[in-house]
Amino acid sequence: MSLAPLITEFLEYLEIERGRSRLTIREYRHYLKRFYDWLNENSSTTEPQDINLELVRRYRLYLAHLRNRNGTPLKRATQTYHIIALRAFLRYLLVQRDIATLSPDKVELPKQSSRSVTFLNSEQMERLLNSPKISNKVGLRDKAILETLFSTGLRVSELVKLNRDQINLDRKEFGVRGKGDKPRVVFLSDTAAEWIERYLESRQDHFKPLFIRYSGAVDSDKKGEKMRLTARSIQKIVKKYARRCGLPIEASPHTLRHSFATDLLIGGADLRSVQEMLGHESIRTTQVYTHVTNRRLKEVHKAFHGRSK
């Protein structure tokens, strides 16, 4: 059986059995199509049993020399994503379909340089949160958005899905479903809960979405689904206020997510707890924030080591 229908079955398996998001499915389709197209041009067969280490080596060399439309080479991380998708597909063939092919464990991933994250310090965060002018409904909404992002560490895709009726302002917590449809509970600070409450009290509508737009035509449907802010709108809002308060970096909703995690670790939270609050499947993803704990260790060394005084 050739690879083309097997790739289609694999993508359906990811969607139905593994609950992967549409974005993940789209990316895997893109990566595997590139592999299949390359295989068609560079191999006499597209049978699973003919995939071997030499073939994968040549494909990786092709990725290393590949250029984007603007002439720049593929980033090393993007090359790695191609290989991750290929390994997942090979594992599916072996485990789910019992089809003989190259073991994915023999395909090594390239070593990645340590990933750094951009976050705001407490002074910068305070400036950003105080940027919206709360004298109007747009500013009040934006203030609630910024406070919610920093209080919860939500991904922007999770934030835009929030509905009014799922927010418990008394308990200051609510449930969300993150990547892979994984459920978790997130918590609101007293300040965030207060601003959400003030924002909701200012609204005269009964639309379902928690955060709505105020420009364009009003949705005639009483649920107001078309009034829901998009992820792109949230990104523009954060960027606008980052510029307004003169931040030295181009902040995004993910910058606030990084700042949330960093703030927790500086305050003494353990990495496992931060992992749970961020909704990371693996502790390895959360370990990107160890730059914070390393900095705290340096401060401890400077404060308590005799030769440092």
# chains A, B, ... in the order shown; residues from 1 in each chain; ligands from 1

$ residues_around --residues "Glu158 of chain A" --least-positions-apart "6" --cutoff "12 Å" --atoms "only C-alpha atoms" --output "list in words"
Thr148, Leu149, Thr152, Phe174, Gly175, Val176, Arg177, Gly178, Lys179, Asp181, Lys182, Pro183, Arg184, Val186, Leu210, Phe211, Leu229, Thr230, Ala231, Ile234, Pro253, His254, Arg257, Leu278 and Gly279 of chain A

$ write_last_selection --atoms "C-alpha atoms" --output "compact mmCIF listing (two decimals), in the first residue's frame"
# COMPACT_ATOMS: atom_id res chain seq x y z
CA THR A 148 -7.23 38.05 32.58
CA LEU A 149 -4.27 37.08 30.39
CA THR A 152 -4.47 33.02 34.15
CA PHE A 174 -13.20 28.40 35.68
CA GLY A 175 -12.44 25.45 33.44
CA VAL A 176 -10.92 25.54 29.96
CA ARG A 177 -9.91 22.97 27.38
CA GLY A 178 -6.44 23.53 25.99
CA LYS A 179 -4.29 21.77 23.43
CA ASP A 181 -8.75 19.06 24.29
CA LYS A 182 -7.04 18.68 27.68
CA PRO A 183 -9.17 20.17 30.50
CA ARG A 184 -7.72 22.25 33.33
CA VAL A 186 -7.49 28.31 35.82
CA LEU A 210 -17.08 36.97 27.31
CA PHE A 211 -15.09 39.41 25.18
CA LEU A 229 -13.27 38.80 19.44
CA THR A 230 -10.80 36.81 17.34
CA ALA A 231 -7.29 35.77 18.33
CA ILE A 234 -6.53 40.17 20.94
CA PRO A 253 -0.62 37.55 24.36
CA HIS A 254 2.05 34.86 24.63
CA ARG A 257 1.63 33.94 29.31
CA LEU A 278 -0.11 26.41 31.89
CA GLY A 279 -1.65 23.18 30.64

$ select_by_dssp --residues "segment 92-283 of chain A" --states "strand (DSSP E)" --output "list of chain:residue names"
A:Glu173, A:Phe174, A:Gly175, A:Val176, A:Arg177, A:Pro183, A:Arg184, A:Val185, A:Val186, A:Phe187

$ closest_residue --among "A:Arg171, A:Arg244, A:Lys106, A:Lys161" --to "Ile212 of chain A" --atoms "only C-alpha atoms"
A:Lys161

$ atom_distance --atom1 "atom CA of Arg26 of chain A" --atom2 "atom CA of Tyr81 of chain A"
12.7 Å

$ select_by_dssp --residues "segment 8-37 of chain A" --states "alpha helix (DSSP H)" --output "list in words"
Thr8, Glu9, Phe10, Leu11, Glu12, Tyr13, Leu14, Glu15, Ile16, Arg22, Leu23, Thr24, Ile25, Arg26, Glu27, Tyr28, Arg29, His30, Tyr31, Leu32, Lys33, Arg34, Phe35, Tyr36 and Asp37 of chain A

$ write_last_selection --atoms "N, CA and C atoms" --output "PDB file, in the first residue's frame"
ATOM      1  N   THR A   8      -3.409   9.994   4.744  1.00  0.00           N
ATOM      2  CA  THR A   8      -4.781  10.461   4.981  1.00  0.00           C
ATOM      3  C   THR A   8      -5.383   9.769   6.194  1.00  0.00           C
ATOM      4  N   GLU A   9      -5.183   8.449   6.294  1.00  0.00           N
ATOM      5  CA  GLU A   9      -5.706   7.694   7.436  1.00  0.00           C
ATOM      6  C   GLU A   9      -5.051   8.140   8.739  1.00  0.00           C
ATOM      7  N   PHE A  10      -3.762   8.441   8.685  1.00  0.00           N
ATOM      8  CA  PHE A  10      -3.040   8.901   9.867  1.00  0.00           C
ATOM      9  C   PHE A  10      -3.597  10.233  10.363  1.00  0.00           C
ATOM     10  N   LEU A  11      -3.864  11.158   9.452  1.00  0.00           N
ATOM     11  CA  LEU A  11      -4.419  12.460   9.824  1.00  0.00           C
ATOM     12  C   LEU A  11      -5.809  12.300  10.424  1.00  0.00           C
ATOM     13  N   GLU A  12      -6.601  11.384   9.894  1.00  0.00           N
ATOM     14  CA  GLU A  12      -7.930  11.107  10.453  1.00  0.00           C
ATOM     15  C   GLU A  12      -7.806  10.500  11.845  1.00  0.00           C
ATOM     16  N   TYR A  13      -6.809   9.649  12.032  1.00  0.00           N
ATOM     17  CA  TYR A  13      -6.543   9.046  13.347  1.00  0.00           C
ATOM     18  C   TYR A  13      -6.187  10.125  14.372  1.00  0.00           C
ATOM     19  N   LEU A  14      -5.346  11.090  13.966  1.00  0.00           N
ATOM     20  CA  LEU A  14      -4.964  12.178  14.872  1.00  0.00           C
ATOM     21  C   LEU A  14      -6.178  12.993  15.298  1.00  0.00           C
ATOM     22  N   GLU A  15      -7.073  13.212  14.354  1.00  0.00           N
ATOM     23  CA  GLU A  15      -8.248  14.033  14.640  1.00  0.00           C
ATOM     24  C   GLU A  15      -9.269  13.300  15.495  1.00  0.00           C
ATOM     25  N   ILE A  16      -9.562  12.047  15.131  1.00  0.00           N
ATOM     26  CA  ILE A  16     -10.654  11.311  15.789  1.00  0.00           C
ATOM     27  C   ILE A  16     -10.198  10.634  17.078  1.00  0.00           C
ATOM     28  N   ARG A  22      -7.321  21.336  14.826  1.00  0.00           N
ATOM     29  CA  ARG A  22      -7.302  21.516  13.374  1.00  0.00           C
ATOM     30  C   ARG A  22      -5.983  22.107  12.909  1.00  0.00           C
ATOM     31  N   LEU A  23      -5.399  22.979  13.740  1.00  0.00           N
ATOM     32  CA  LEU A  23      -4.116  23.575  13.392  1.00  0.00           C
ATOM     33  C   LEU A  23      -3.026  22.513  13.340  1.00  0.00           C
ATOM     34  N   THR A  24      -3.016  21.613  14.317  1.00  0.00           N
ATOM     35  CA  THR A  24      -2.032  20.536  14.334  1.00  0.00           C
ATOM     36  C   THR A  24      -2.202  19.635  13.117  1.00  0.00           C
ATOM     37  N   ILE A  25      -3.441  19.295  12.795  1.00  0.00           N
ATOM     38  CA  ILE A  25      -3.714  18.446  11.629  1.00  0.00           C
ATOM     39  C   ILE A  25      -3.206  19.133  10.358  1.00  0.00           C
ATOM     40  N   ARG A  26      -3.465  20.421  10.247  1.00  0.00           N
ATOM     41  CA  ARG A  26      -3.036  21.170   9.061  1.00  0.00           C
ATOM     42  C   ARG A  26      -1.512  21.167   8.931  1.00  0.00           C
ATOM     43  N   GLU A  27      -0.817  21.353  10.063  1.00  0.00           N
ATOM     44  CA  GLU A  27       0.648  21.372  10.029  1.00  0.00           C
ATOM     45  C   GLU A  27       1.206  20.001   9.666  1.00  0.00           C
ATOM     46  N   TYR A  28       0.657  18.925  10.253  1.00  0.00           N
ATOM     47  CA  TYR A  28       1.117  17.576   9.934  1.00  0.00           C
ATOM     48  C   TYR A  28       0.856  17.248   8.466  1.00  0.00           C
ATOM     49  N   ARG A  29      -0.284  17.688   7.952  1.00  0.00           N
ATOM     50  CA  ARG A  29      -0.583  17.459   6.533  1.00  0.00           C
ATOM     51  C   ARG A  29       0.468  18.132   5.654  1.00  0.00           C
ATOM     52  N   HIS A  30       0.824  19.360   6.013  1.00  0.00           N
ATOM     53  CA  HIS A  30       1.827  20.103   5.249  1.00  0.00           C
ATOM     54  C   HIS A  30       3.184  19.407   5.299  1.00  0.00           C
ATOM     55  N   TYR A  31       3.629  19.000   6.479  1.00  0.00           N
ATOM     56  CA  TYR A  31       4.935  18.361   6.629  1.00  0.00           C
ATOM     57  C   TYR A  31       5.003  17.024   5.888  1.00  0.00           C
ATOM     58  N   LEU A  32       3.947  16.217   6.021  1.00  0.00           N
ATOM     59  CA  LEU A  32       3.957  14.895   5.398  1.00  0.00           C
ATOM     60  C   LEU A  32       3.767  14.975   3.886  1.00  0.00           C
ATOM     61  N   LYS A  33       3.049  15.973   3.421  1.00  0.00           N
ATOM     62  CA  LYS A  33       2.911  16.166   1.975  1.00  0.00           C
ATOM     63  C   LYS A  33       4.260  16.515   1.376  1.00  0.00           C
ATOM     64  N   ARG A  34       5.037  17.331   2.091  1.00  0.00           N
ATOM     65  CA  ARG A  34       6.372  17.690   1.609  1.00  0.00           C
ATOM     66  C   ARG A  34       7.248  16.442   1.523  1.00  0.00           C
ATOM     67  N   PHE A  35       7.154  15.578   2.521  1.00  0.00           N
ATOM     68  CA  PHE A  35       7.929  14.337   2.485  1.00  0.00           C
ATOM     69  C   PHE A  35       7.483  13.452   1.320  1.00  0.00           C
ATOM     70  N   TYR A  36       6.179  13.325   1.139  1.00  0.00           N
ATOM     71  CA  TYR A  36       5.645  12.472   0.076  1.00  0.00           C
ATOM     72  C   TYR A  36       6.033  13.016  -1.305  1.00  0.00           C
ATOM     73  N   ASP A  37       5.934  14.319  -1.498  1.00  0.00           N
ATOM     74  CA  ASP A  37       6.305  14.918  -2.782  1.00  0.00           C
ATOM     75  C   ASP A  37       7.784  14.710  -3.070  1.00  0.00           C
TER      76      ASP A  37
END

$ residues_around --residues "Leu109 of chain A" --least-positions-apart "6" --cutoff "9 Å" --atoms "only C-alpha atoms" --output "PyMOL selection string"
chain A and resi 80+83-84

$ closest_residue --among "A:Met277, A:Ser233, A:Leu140, A:Ala4" --to "Ser157 of chain A" --atoms "only C-alpha atoms"
A:Ser233

$ residues_around --residues "Pro104 of chain A" --least-positions-apart "2" --cutoff "12 Å" --atoms "only C-alpha atoms" --output "PyMOL selection string"
chain A and resi 51-53+56+83-95+100-102+106-109

$ closest_residue --among "A:Asn168, A:Gln79, A:Thr286, A:Gln49" --to "Met1 of chain A" --atoms "only C-alpha atoms"
A:Gln49
